[in-house]
>>> print(open('protein.cif').read())   # mmCIF, C-alpha atoms
data_query
loop_
_atom_site.group_PDB
_atom_site.id
_atom_site.type_symbol
_atom_site.label_atom_id
_atom_site.label_comp_id
_atom_site.auth_asym_id
_atom_site.auth_seq_id
_atom_site.Cartn_x
_atom_site.Cartn_y
_atom_site.Cartn_z
ATOM 1 C CA MET A 1 77.061 218.505 143.760
ATOM 2 C CA THR A 2 79.624 220.681 142.023
ATOM 3 C CA GLU A 3 81.742 221.647 145.027
ATOM 4 C CA ASP A 4 85.042 223.308 144.105
ATOM 5 C CA ARG A 5 85.106 221.953 140.552
ATOM 6 C CA ASP A 6 87.262 223.704 138.018
ATOM 7 C CA PRO A 7 85.252 224.104 134.767
ATOM 8 C CA PHE A 8 88.391 223.814 132.608
ATOM 9 C CA LEU A 9 89.429 220.529 134.243
ATOM 10 C CA GLN A 10 85.862 219.245 134.211
ATOM 11 C CA SER A 11 85.643 219.851 130.458
ATOM 12 C CA LEU A 12 88.912 217.946 129.926
ATOM 13 C CA PHE A 13 87.645 214.989 131.929
ATOM 14 C CA ASP A 14 84.295 215.085 130.113
ATOM 15 C CA ASP A 15 86.010 215.087 126.716
ATOM 16 C CA SER A 16 88.126 212.034 127.473
ATOM 17 C CA ARG A 17 87.099 208.934 125.579
ATOM 18 C CA LEU A 18 86.012 205.678 127.191
ATOM 19 C CA GLU A 19 88.002 202.517 126.645
ATOM 20 C CA PRO A 20 86.575 200.525 123.715
ATOM 21 C CA VAL A 21 84.767 197.290 124.586
ATOM 22 C CA SER A 22 87.236 194.426 124.238
ATOM 23 C CA GLU A 23 86.066 190.847 123.766
ATOM 24 C CA GLU A 24 89.596 189.776 124.684
ATOM 25 C CA PHE A 25 89.161 191.407 128.096
ATOM 26 C CA THR A 26 85.777 189.718 128.612
ATOM 27 C CA SER A 27 87.165 186.278 127.762
ATOM 28 C CA ALA A 28 90.195 186.866 130.009
ATOM 29 C CA VAL A 29 87.872 187.646 132.952
ATOM 30 C CA VAL A 30 85.680 184.626 132.221
ATOM 31 C CA SER A 31 88.686 182.275 131.954
ATOM 32 C CA ARG A 32 90.066 183.663 135.246
ATOM 33 C CA THR A 33 86.722 182.957 136.951
ATOM 34 C CA TYR A 34 86.867 179.379 135.622
ATOM 35 C CA SER A 35 90.395 178.869 136.930
ATOM 36 C CA LEU A 36 89.444 180.451 140.287
ATOM 37 C CA ARG A 37 86.428 178.142 140.534
ATOM 38 C CA ASN A 38 88.646 175.142 139.773
ATOM 39 C CA LYS A 39 91.101 176.240 142.488
ATOM 40 C CA LEU A 40 88.267 176.603 145.023
ATOM 41 C CA ILE A 41 86.914 173.140 144.121
ATOM 42 C CA THR A 42 90.435 171.638 144.444
ATOM 43 C CA VAL A 43 90.916 173.248 147.875
ATOM 44 C CA ALA A 44 87.478 172.043 149.057
ATOM 45 C CA VAL A 45 88.120 168.479 147.838
ATOM 46 C CA GLY A 46 91.594 168.535 149.455
ATOM 47 C CA LEU A 47 90.125 169.631 152.799
ATOM 48 C CA ILE A 48 87.468 166.915 152.659
ATOM 49 C CA VAL A 49 90.141 164.272 151.901
ATOM 50 C CA ILE A 50 92.326 165.497 154.795
ATOM 51 C CA LEU A 51 89.318 165.416 157.127
ATOM 52 C CA LEU A 52 88.401 161.876 156.033
ATOM 53 C CA VAL A 53 91.980 160.630 156.425
ATOM 54 C CA TYR A 54 92.236 162.286 159.844
ATOM 55 C CA THR A 55 88.956 160.714 160.973
ATOM 56 C CA TRP A 56 90.057 157.325 159.641
ATOM 57 C CA PHE A 57 93.387 157.297 161.478
ATOM 58 C CA TYR A 58 92.785 159.493 164.505
ATOM 59 C CA GLY A 59 89.027 159.181 165.032
ATOM 60 C CA ALA A 60 89.238 156.642 167.864
ATOM 61 C CA PRO A 61 92.075 158.313 169.829
ATOM 62 C CA GLY A 62 90.316 161.695 169.404
ATOM 63 C CA GLN A 63 87.083 160.273 170.763
ATOM 64 C CA GLY A 64 88.970 158.740 173.723
ATOM 65 C CA LEU A 65 90.615 162.089 174.483
ATOM 66 C CA ALA A 66 87.254 163.891 174.352
ATOM 67 C CA LEU A 67 85.729 161.342 176.757
ATOM 68 C CA ALA A 68 88.673 161.622 179.159
ATOM 69 C CA MET A 69 88.373 165.442 179.114
ATOM 70 C CA ALA A 70 84.623 165.271 179.772
ATOM 71 C CA LYS A 71 85.191 162.877 182.680
ATOM 72 C CA PHE A 72 87.900 165.094 184.147
ATOM 73 C CA LEU A 73 85.847 168.293 183.838
ATOM 74 C CA SER A 74 82.797 166.711 185.470
ATOM 75 C CA THR A 75 84.784 165.477 188.505
ATOM 76 C CA SER A 76 83.071 166.674 191.729
ATOM 77 C CA LEU A 77 84.984 169.153 193.869
ATOM 78 C CA ILE A 78 83.153 168.080 197.033
ATOM 79 C CA ASP A 79 81.780 164.553 197.379
ATOM 80 C CA LEU A 80 78.060 164.893 198.143
ATOM 81 C CA GLY A 81 77.172 161.320 197.350
ATOM 82 C CA ASN A 82 73.884 160.621 195.588
ATOM 83 C CA SER A 83 71.776 163.148 197.542
ATOM 84 C CA TRP A 84 69.406 165.674 195.905
ATOM 85 C CA ALA A 85 71.903 168.431 196.833
ATOM 86 C CA ALA A 86 74.514 166.733 194.648
ATOM 87 C CA LEU A 87 72.134 166.918 191.656
ATOM 88 C CA ILE A 88 71.278 170.599 192.239
ATOM 89 C CA LEU A 89 74.874 171.672 192.821
ATOM 90 C CA ALA A 90 76.302 169.514 190.011
ATOM 91 C CA PRO A 91 76.745 172.444 187.551
ATOM 92 C CA ILE A 92 78.981 174.345 189.977
ATOM 93 C CA ASN A 93 80.383 171.418 191.974
ATOM 94 C CA SER A 94 82.778 170.371 189.195
ATOM 95 C CA ILE A 95 86.094 171.381 187.685
ATOM 96 C CA ALA A 96 84.244 172.741 184.632
ATOM 97 C CA GLY A 97 82.037 174.857 186.902
ATOM 98 C CA LEU A 98 85.062 176.148 188.778
ATOM 99 C CA LEU A 99 86.787 177.072 185.506
ATOM 100 C CA ALA A 100 83.619 178.807 184.228
ATOM 101 C CA ILE A 101 83.198 180.826 187.447
ATOM 102 C CA THR A 102 86.889 181.790 187.440
ATOM 103 C CA PHE A 103 86.646 182.906 183.820
ATOM 104 C CA LYS A 104 83.489 184.935 184.521
ATOM 105 C CA LEU A 105 85.082 186.642 187.544
ATOM 106 C CA LEU A 106 88.247 187.468 185.639
ATOM 107 C CA ARG A 107 86.202 188.895 182.786
ATOM 108 C CA SER A 108 84.078 191.113 185.030
ATOM 109 C CA PHE A 109 87.228 192.165 186.885
ATOM 110 C CA SER A 110 88.943 193.183 183.657
ATOM 111 C CA LYS A 111 85.811 195.051 182.530
ATOM 112 C CA LYS A 112 85.224 196.956 185.789
ATOM 113 C CA ILE A 113 88.724 197.585 187.005
ATOM 114 C CA LEU A 114 90.796 197.742 183.856
ATOM 115 C CA GLY A 115 88.032 198.976 181.551
ATOM 116 C CA LEU A 116 88.921 196.466 178.801
ATOM 117 C CA MET B 1 64.815 178.334 118.272
ATOM 118 C CA PRO B 2 66.613 181.216 120.015
ATOM 119 C CA LYS B 3 68.008 180.588 123.489
ATOM 120 C CA ALA B 4 67.201 182.824 126.460
ATOM 121 C CA GLN B 5 70.851 183.880 126.501
ATOM 122 C CA ASP B 6 70.472 185.410 123.036
ATOM 123 C CA TYR B 7 68.334 188.123 124.631
ATOM 124 C CA TYR B 8 70.901 189.062 127.292
ATOM 125 C CA PRO B 9 72.352 192.010 125.345
ATOM 126 C CA ASP B 10 68.912 193.665 125.525
ATOM 127 C CA CYS B 11 68.200 192.729 129.134
ATOM 128 C CA PRO B 12 67.991 195.413 131.825
ATOM 129 C CA GLU B 13 70.997 195.344 134.108
ATOM 130 C CA PRO B 14 69.181 194.466 137.373
ATOM 131 C CA LEU B 15 67.802 191.345 135.692
ATOM 132 C CA LEU B 16 71.284 190.351 134.511
ATOM 133 C CA VAL B 17 72.614 190.923 138.030
ATOM 134 C CA SER B 18 69.895 188.671 139.471
ATOM 135 C CA LEU B 19 70.681 185.969 136.912
ATOM 136 C CA ALA B 20 74.441 186.214 137.494
ATOM 137 C CA ARG B 21 73.847 186.076 141.240
ATOM 138 C CA GLY B 22 72.085 182.774 140.701
ATOM 139 C CA GLY B 23 75.156 181.404 138.912
ATOM 140 C CA ASP B 24 74.323 182.207 135.267
ATOM 141 C CA ARG B 25 77.754 182.588 133.662
ATOM 142 C CA LYS B 26 76.448 184.090 130.432
ATOM 143 C CA ALA B 27 74.690 186.825 132.405
ATOM 144 C CA PHE B 28 77.938 187.542 134.243
ATOM 145 C CA GLU B 29 79.762 187.667 130.917
ATOM 146 C CA GLU B 30 77.244 190.209 129.635
ATOM 147 C CA LEU B 31 77.740 192.327 132.771
ATOM 148 C CA VAL B 32 81.504 192.297 132.186
ATOM 149 C CA ARG B 33 80.934 193.301 128.571
ATOM 150 C CA ARG B 34 78.712 196.225 129.592
ATOM 151 C CA ARG B 35 80.751 197.593 132.472
ATOM 152 C CA GLN B 36 84.327 196.877 131.402
ATOM 153 C CA SER B 37 84.779 200.110 129.469
ATOM 154 C CA TRP B 38 83.907 202.260 132.485
ATOM 155 C CA ILE B 39 85.989 200.262 134.972
ATOM 156 C CA ARG B 40 89.037 200.023 132.703
ATOM 157 C CA HIS B 41 88.863 203.759 132.054
ATOM 158 C CA LEU B 42 88.523 204.535 135.768
ATOM 159 C CA MET B 43 91.492 202.298 136.581
ATOM 160 C CA GLN B 44 93.559 203.836 133.828
ATOM 161 C CA ARG B 45 92.857 207.301 135.199
ATOM 162 C CA CYS B 46 93.938 206.079 138.648
ATOM 163 C CA CYS B 47 97.151 204.295 137.700
ATOM 164 C CA GLY B 48 98.093 205.832 134.362
ATOM 165 C CA ASP B 49 99.195 202.484 132.951
ATOM 166 C CA ARG B 50 96.986 200.686 130.450
ATOM 167 C CA ALA B 51 98.262 197.133 131.131
ATOM 168 C CA LEU B 52 98.071 197.568 134.899
ATOM 169 C CA ALA B 53 94.631 199.154 134.565
ATOM 170 C CA ASP B 54 93.376 196.119 132.624
ATOM 171 C CA ASP B 55 94.830 193.754 135.219
ATOM 172 C CA LEU B 56 93.207 195.689 138.070
ATOM 173 C CA ALA B 57 89.914 195.815 136.176
ATOM 174 C CA GLN B 58 90.063 192.030 135.815
ATOM 175 C CA GLN B 59 90.581 191.746 139.567
ATOM 176 C CA VAL B 60 87.525 193.952 140.099
ATOM 177 C CA PHE B 61 85.380 191.616 137.992
ATOM 178 C CA LEU B 62 86.783 188.556 139.791
ATOM 179 C CA GLN B 63 85.672 190.137 143.060
ATOM 180 C CA VAL B 64 82.279 190.802 141.480
ATOM 181 C CA TRP B 65 82.043 187.109 140.608
ATOM 182 C CA LEU B 66 83.007 186.083 144.154
ATOM 183 C CA LYS B 67 80.846 188.589 146.045
ATOM 184 C CA LEU B 68 77.818 189.083 143.811
ATOM 185 C CA ARG B 69 75.653 186.818 145.970
ATOM 186 C CA GLY B 70 76.143 189.303 148.809
ATOM 187 C CA LEU B 71 74.599 192.163 146.790
ATOM 188 C CA LYS B 72 71.044 192.402 148.079
ATOM 189 C CA GLU B 73 69.735 195.086 145.705
ATOM 190 C CA PRO B 74 70.412 194.317 141.995
ATOM 191 C CA GLY B 75 69.579 197.939 141.100
ATOM 192 C CA ALA B 76 72.517 199.142 143.195
ATOM 193 C CA PHE B 77 75.031 197.244 141.069
ATOM 194 C CA GLY B 78 76.682 200.339 139.580
ATOM 195 C CA GLY B 79 77.508 201.988 142.921
ATOM 196 C CA TRP B 80 78.570 198.671 144.398
ATOM 197 C CA LEU B 81 80.887 198.046 141.450
ATOM 198 C CA LYS B 82 82.436 201.502 141.830
ATOM 199 C CA ARG B 83 83.113 200.921 145.541
ATOM 200 C CA LEU B 84 84.667 197.566 144.699
ATOM 201 C CA ALA B 85 86.923 199.201 142.081
ATOM 202 C CA ILE B 86 88.053 201.879 144.556
ATOM 203 C CA SER B 87 88.733 199.222 147.157
ATOM 204 C CA ILE B 88 90.834 197.179 144.685
ATOM 205 C CA TRP B 89 92.846 200.284 143.801
ATOM 206 C CA LEU B 90 93.414 201.129 147.484
ATOM 207 C CA GLN B 91 94.488 197.528 148.150
ATOM 208 C CA TYR B 92 96.958 197.801 145.294
ATOM 209 C CA LEU B 93 98.339 201.045 146.723
ATOM 210 C CA ARG B 94 98.684 199.553 150.199
ATOM 211 C CA LYS B 95 100.421 196.498 148.810
ATOM 212 C CA HIS B 96 102.901 198.668 146.977
ATOM 213 C CA ASP B 97 103.332 201.007 149.913
ATOM 214 C CA ALA B 98 102.160 203.845 147.759
ATOM 215 C CA LEU B 99 99.956 205.396 150.417
ATOM 216 C CA LEU B 100 103.010 206.667 152.215
ATOM 217 C CA ASP B 101 102.200 210.083 150.909
ATOM 218 C CA ALA B 102 104.342 212.227 153.130
ATOM 219 C CA GLU B 103 105.009 214.392 150.143
ATOM 220 C CA GLU B 104 102.240 216.028 148.236
ATOM 221 C CA TYR B 105 103.457 215.034 144.805
ATOM 222 C CA SER B 106 105.116 211.970 143.433
ATOM 223 C CA ASP B 107 108.642 211.746 142.128
ATOM 224 C CA ASN B 108 107.378 212.595 138.681
ATOM 225 C CA THR B 109 107.102 216.190 139.819
ATOM 226 C CA ALA B 110 110.832 216.425 139.990
ATOM 227 C CA GLN B 111 111.055 215.290 136.383
ATOM 228 C CA GLN B 112 108.448 217.790 135.282
ATOM 229 C CA GLU B 113 108.874 218.940 131.738
ATOM 230 C CA SER B 114 109.412 222.578 130.925
ATOM 231 C CA PRO B 115 106.230 224.636 130.745
ATOM 232 C CA ALA B 116 106.703 225.029 127.025
ATOM 233 C CA GLU B 117 106.143 221.322 126.531
ATOM 234 C CA ALA B 118 102.613 220.311 126.131
ATOM 235 C CA MET B 119 101.158 217.891 128.653
ATOM 236 C CA ASP B 120 97.934 215.979 128.253
ATOM 237 C CA LEU B 121 95.526 215.048 131.027
ATOM 238 C CA ASP B 122 96.999 211.588 131.698
ATOM 239 C CA ALA B 123 100.532 212.961 131.920
ATOM 240 C CA ALA B 124 99.373 215.773 134.186
ATOM 241 C CA LEU B 125 97.557 213.282 136.428
ATOM 242 C CA SER B 126 100.729 211.216 136.689
ATOM 243 C CA THR B 127 102.491 214.140 138.382
ATOM 244 C CA LEU B 128 100.103 213.862 141.340
ATOM 245 C CA SER B 129 100.614 211.543 144.271
ATOM 246 C CA ASP B 130 98.436 208.410 144.296
ATOM 247 C CA THR B 131 95.925 209.594 146.887
ATOM 248 C CA VAL B 132 95.611 213.081 145.399
ATOM 249 C CA ARG B 133 95.102 211.534 141.960
ATOM 250 C CA LEU B 134 92.461 209.167 143.304
ATOM 251 C CA CYS B 135 90.544 212.067 144.880
ATOM 252 C CA ILE B 136 90.776 214.108 141.668
ATOM 253 C CA VAL B 137 89.646 211.178 139.498
ATOM 254 C CA LEU B 138 86.702 210.388 141.764
ATOM 255 C CA CYS B 139 85.702 214.056 141.844
ATOM 256 C CA TYR B 140 86.034 214.989 138.144
ATOM 257 C CA HIS B 141 85.824 211.637 136.390
ATOM 258 C CA GLU B 142 83.167 209.998 138.569
ATOM 259 C CA GLY B 143 81.384 213.174 139.674
ATOM 260 C CA MET B 144 81.432 212.121 143.318
ATOM 261 C CA SER B 145 80.968 214.648 146.125
ATOM 262 C CA HIS B 146 83.723 215.237 148.680
ATOM 263 C CA LYS B 147 81.667 213.408 151.292
ATOM 264 C CA GLU B 148 81.189 210.376 149.025
ATOM 265 C CA ILE B 149 84.928 210.314 148.279
ATOM 266 C CA ALA B 150 85.740 210.460 151.988
ATOM 267 C CA GLU B 151 83.355 207.562 152.649
ATOM 268 C CA SER B 152 84.697 205.461 149.776
ATOM 269 C CA THR B 153 88.383 205.983 150.461
ATOM 270 C CA GLY B 154 88.367 206.192 154.251
ATOM 271 C CA LEU B 155 90.145 209.563 154.137
ATOM 272 C CA ALA B 156 89.056 212.462 156.347
ATOM 273 C CA LEU B 157 86.728 214.971 154.664
ATOM 274 C CA GLY B 158 89.210 217.801 155.255
ATOM 275 C CA THR B 159 91.987 215.756 153.646
ATOM 276 C CA VAL B 160 89.807 215.049 150.608
ATOM 277 C CA LYS B 161 88.998 218.761 150.200
ATOM 278 C CA SER B 162 92.617 219.718 150.546
ATOM 279 C CA HIS B 163 93.746 217.013 148.067
ATOM 280 C CA ILE B 164 91.184 218.158 145.510
ATOM 281 C CA ASN B 165 92.055 221.840 145.872
ATOM 282 C CA ARG B 166 95.789 221.303 145.614
ATOM 283 C CA GLY B 167 95.466 218.650 142.928
ATOM 284 C CA SER B 168 93.224 220.890 140.812
ATOM 285 C CA GLN B 169 95.676 223.740 141.178
ATOM 286 C CA ARG B 170 98.546 221.498 140.178
ATOM 287 C CA LEU B 171 96.650 220.160 137.146
ATOM 288 C CA ARG B 172 95.745 223.698 136.045
ATOM 289 C CA GLU B 173 99.423 224.655 136.174
ATOM 290 C CA CYS B 174 100.465 221.600 134.156
ATOM 291 C CA LEU B 175 97.652 221.869 131.659
ATOM 292 C CA SER B 176 97.808 225.604 131.030
ATOM 293 C CA ALA B 177 100.883 224.987 128.863
ATOM 294 C CA TYR B 178 98.939 222.285 127.032
ATOM 295 C CA ALA B 179 95.979 224.598 126.455
ATOM 296 C CA GLU B 180 98.255 227.372 125.188
ATOM 297 C CA SER B 181 100.103 225.064 122.789
ATOM 298 C CA SER B 182 96.782 223.663 121.524
ATOM 299 C CA ASN B 183 95.514 227.190 120.891
ATOM 300 C CA LYS B 184 98.713 228.042 119.003
ATOM 301 C CA GLU B 185 98.391 224.905 116.854
ATOM 302 C CA ASN B 186 94.778 225.750 116.101
ATOM 303 C CA SER B 187 95.614 229.316 115.132
ATOM 304 C CA LEU B 188 98.362 228.207 112.707
#
>>> encode(input="protein.cif", output="structure tokens")
Amino acid sequence: MTEDRDPFLQSLFDDSRLEPVSEEFTSAVVSRTYSLRNKLITVAVGLIVILLVYTWFYGAPGQGLALAMAKFLSTSLIDLGNSWAALILAPINSIAGLLAITFKLLRSFSKKILGL
Amino acid sequence: MPKAQDYYPDCPEPLLVSLARGGDRKAFEELVRRRQSWIRHLMQRCCGDRALADDLAQQVFLQVWLKLRGLKEPGAFGGWLKRLAISIWLQYLRKHDALLDAEEYSDNTAQQESPAEAMDLDAALSTLSDTVRLCIVLCYHEGMSHKEIAESTGLALGTVKSHINRGSQRLRECLSAYAESSNKENSL
């Protein structure tokens, strides 16, 4: 497409010379890729070390916290004993279920009423 | 016995792209060797500074190295590389707040030399604002259509057209003195 192109300017651009190929430039790019790769490897190794150290020191307390949370969230809202109704209603008869339903209602409310 | 890498200078580009995508550093090096001239020239036209252009071109190739695995079609390397170069230049402009183009022309316009003084293409380009210059370079240097420029830069099509029209007019004004002085020198 030659939309609105000035022939005089086009000839000037066409006449301009390309930059000569520079081996110095190529080696600079290659050495920068090497140093970037080394940085990425260092960051990855650092993250793995931090994760290992964290697991080593805080693994047990973290696991305890997760278990306590799971126990709390699965607490029944209404005590139905060991009946079949308790099994069927278990997904909604818990704090987790209540939180999920509340979240769902709030989301549909914001979508319908506020248009978010 | 010659190594496979000895044949890289004669390899078709899509093959080199596929090899570089698989982690072949020599293939990547050959790609840099082949495409550096074009990218450095494009960057120099955009920024008007040789050292900065080389630095930006290096950044383009670093991005190539990082993102090459994401290129699905090795034959589309050229267009992909051009888009990457434009994106690097736009990032540079944003970082240096240069896209605040409330005025049509950069400060260089105020320091414009007298018409009698000759002005070459690079100097004339430097009188344009960064976005106008980018549109002009992509239009005349890269041969891109207005629509392609709008898509690559994120500017509105009308803005691109207006930048190219005004930029061309401005360049003609600057370069007419250059053309006249060249003609005089030739006639002497």
>>> atom_distance(input="protein.cif", atom1="CA of Leu93 in chain B", atom2="CA of Ser145 in chain B")
22.1 Å
>>> closest_atom_pairs(input="protein.cif", of="chain A", to="chain B", cutoff="12 Å", atoms="all atoms listed in the file", output="CSV")
residue,atom,partner,partner_atom,distance
A:Met1,CA,B:Ser145,CA,6.0
A:Thr2,CA,B:Ser145,CA,7.4
A:Glu3,CA,B:Ser145,CA,7.1
A:Asp4,CA,B:Asn165,CA,7.4
A:Arg5,CA,B:Tyr140,CA,7.4
A:Asp6,CA,B:Ser168,CA,7.2
A:Pro7,CA,B:Tyr140,CA,9.8
A:Phe8,CA,B:Arg172,CA,8.1
A:Leu9,CA,B:Arg172,CA,7.3
A:Gln10,CA,B:Tyr140,CA,5.8
A:Ser11,CA,B:Tyr140,CA,9.1
A:Leu12,CA,B:Leu121,CA,7.3
A:Phe13,CA,B:His141,CA,5.9
A:Asp14,CA,B:His141,CA,7.3
A:Asp15,CA,B:His141,CA,10.3
A:Ser16,CA,B:Leu121,CA,8.7
A:Arg17,CA,B:His41,CA,8.5
A:Leu18,CA,B:His41,CA,6.0
A:Glu19,CA,B:Ser37,CA,4.9
A:Pro20,CA,B:Ser37,CA,6.0
A:Val21,CA,B:Ser37,CA,5.6
A:Ser22,CA,B:Arg33,CA,7.7
A:Glu23,CA,B:Arg33,CA,7.4
A:Glu24,CA,B:Arg33,CA,10.1
A:Phe25,CA,B:Asp54,CA,7.8
A:Thr26,CA,B:Arg33,CA,6.0
A:Ser27,CA,B:Glu29,CA,8.2
A:Ala28,CA,B:Gln58,CA,7.8
A:Val29,CA,B:Gln58,CA,5.7
A:Val30,CA,B:Glu29,CA,6.8
A:Ser31,CA,B:Leu62,CA,10.2
A:Arg32,CA,B:Leu62,CA,7.4
A:Thr33,CA,B:Leu62,CA,6.3
A:Tyr34,CA,B:Arg25,CA,9.9
A:Ser35,CA,B:Leu62,CA,10.7
A:Leu36,CA,B:Leu62,CA,8.5
A:Arg37,CA,B:Leu66,CA,9.4
A:Leu40,CA,B:Leu66,CA,10.9
>>> closest_residue(input="protein.cif", among="B:Gly167, B:Val132, B:Cys47, B:Glu148", to="Gly79 in chain B", atoms="all atoms listed in the file")
B:Glu148
>>> closest_residue(input="protein.cif", among="B:Leu15, B:Leu68, B:Cys135, B:Ala4", to="Leu81 in chain B", atoms="all atoms listed in the file")
B:Leu68
>>> resolve_selection(input="protein.cif", expression="the PyMOL selection byres ((chain B and resi 21) around 9)", output="JSON, numbers by chain")
{"B": [16, 17, 18, 19, 20, 22, 23, 24, 27, 28, 65, 67, 68, 69, 70, 71, 74]}
>>> atom_distance(input="protein.cif", atom1="CA of Thr159 in chain B", atom2="CA of Leu128 in chain B")
14.9 Å
>>> resolve_selection(input="protein.cif", expression="the PyMOL selection byres ((chain B and resi 152) around 12)", output="MDAnalysis selection string")
chainID B and resid 79:90 134:135 138:139 144:151 153:157 160
>>> atom_distance(input="protein.cif", atom1="CA of Thr75 in chain A", atom2="CA of Leu87 in chain A")
13.1 Å
>>> axis_aligned_box(input="protein.cif", around="range 31-48 of chain A", padding_each_side="8 Å", output="AutoDock Vina command-line options")
--center_x 89.0 --center_y 175.3 --center_z 142.4 --size_x 21.2 --size_y 32.7 --size_z 36.8
>>> closest_residue(input="protein.cif", among="A:Lys111, A:Ala90, A:Ala96, A:Asn82", to="Met69 in chain A", atoms="only C-alpha atoms")
A:Ala96
>>> decode(input="protein.cif", residues="range 22-28 of chain A", atoms="all heavy atoms", output="JSON list (two decimals), in the first residue's frame")
[["chain", "number", "residue", "atom", "x", "y", "z"],
["A", 22, "SER", "N", 27.99, -6.12, 12.59],
["A", 22, "SER", "CA", 29.07, -5.98, 13.56],
["A", 22, "SER", "C", 29.16, -7.23, 14.42],
["A", 22, "SER", "O", 28.21, -7.59, 15.10],
["A", 22, "SER", "CB", 28.79, -4.73, 14.41],
["A", 22, "SER", "OG", 29.38, -4.85, 15.66],
["A", 23, "GLU", "N", 30.32, -7.87, 14.37],
["A", 23, "GLU", "CA", 30.54, -9.07, 15.20],
["A", 23, "GLU", "C", 30.56, -8.70, 16.68],
["A", 23, "GLU", "O", 30.19, -9.49, 17.53],
["A", 23, "GLU", "CB", 31.85, -9.76, 14.81],
["A", 23, "GLU", "CG", 31.74, -10.65, 13.58],
["A", 23, "GLU", "CD", 30.62, -11.69, 13.67],
["A", 23, "GLU", "OE1", 30.51, -12.37, 14.70],
["A", 23, "GLU", "OE2", 29.85, -11.82, 12.70],
["A", 24, "GLU", "N", 30.98, -7.45, 16.94],
["A", 24, "GLU", "CA", 31.03, -6.95, 18.32],
["A", 24, "GLU", "C", 29.61, -6.93, 18.89],
["A", 24, "GLU", "O", 29.38, -7.31, 20.04],
["A", 24, "GLU", "CB", 31.59, -5.53, 18.29],
["A", 24, "GLU", "CG", 32.22, -5.07, 19.57],
["A", 24, "GLU", "CD", 32.76, -3.65, 19.43],
["A", 24, "GLU", "OE1", 33.38, -3.35, 18.40],
["A", 24, "GLU", "OE2", 32.51, -2.86, 20.34],
["A", 25, "PHE", "N", 28.67, -6.47, 18.06],
["A", 25, "PHE", "CA", 27.26, -6.41, 18.49],
["A", 25, "PHE", "C", 26.74, -7.82, 18.77],
["A", 25, "PHE", "O", 26.12, -8.06, 19.81],
["A", 25, "PHE", "CB", 26.42, -5.73, 17.39],
["A", 25, "PHE", "CG", 24.95, -5.66, 17.72],
["A", 25, "PHE", "CD1", 24.44, -4.59, 18.43],
["A", 25, "PHE", "CD2", 24.08, -6.66, 17.32],
["A", 25, "PHE", "CE1", 23.09, -4.52, 18.75],
["A", 25, "PHE", "CE2", 22.73, -6.61, 17.62],
["A", 25, "PHE", "CZ", 22.24, -5.53, 18.34],
["A", 26, "THR", "N", 27.05, -8.75, 17.86],
["A", 26, "THR", "CA", 26.58, -10.13, 18.03],
["A", 26, "THR", "C", 27.12, -10.72, 19.33],
["A", 26, "THR", "O", 26.36, -11.30, 20.11],
["A", 26, "THR", "CB", 27.04, -11.01, 16.84],
["A", 26, "THR", "OG1", 26.68, -10.34, 15.64],
["A", 26, "THR", "CG2", 26.40, -12.38, 16.86],
["A", 27, "SER", "N", 28.44, -10.52, 19.58],
["A", 27, "SER", "CA", 28.99, -11.10, 20.81],
["A", 27, "SER", "C", 28.43, -10.42, 22.05],
["A", 27, "SER", "O", 28.27, -11.07, 23.09],
["A", 27, "SER", "CB", 30.51, -11.12, 20.83],
["A", 27, "SER", "OG", 31.04, -10.14, 20.06],
["A", 28, "ALA", "N", 28.12, -9.11, 21.94],
["A", 28, "ALA", "CA", 27.54, -8.41, 23.10],
["A", 28, "ALA", "C", 26.17, -9.01, 23.43],
["A", 28, "ALA", "O", 25.86, -9.24, 24.60],
["A", 28, "ALA", "CB", 27.40, -6.92, 22.80]]
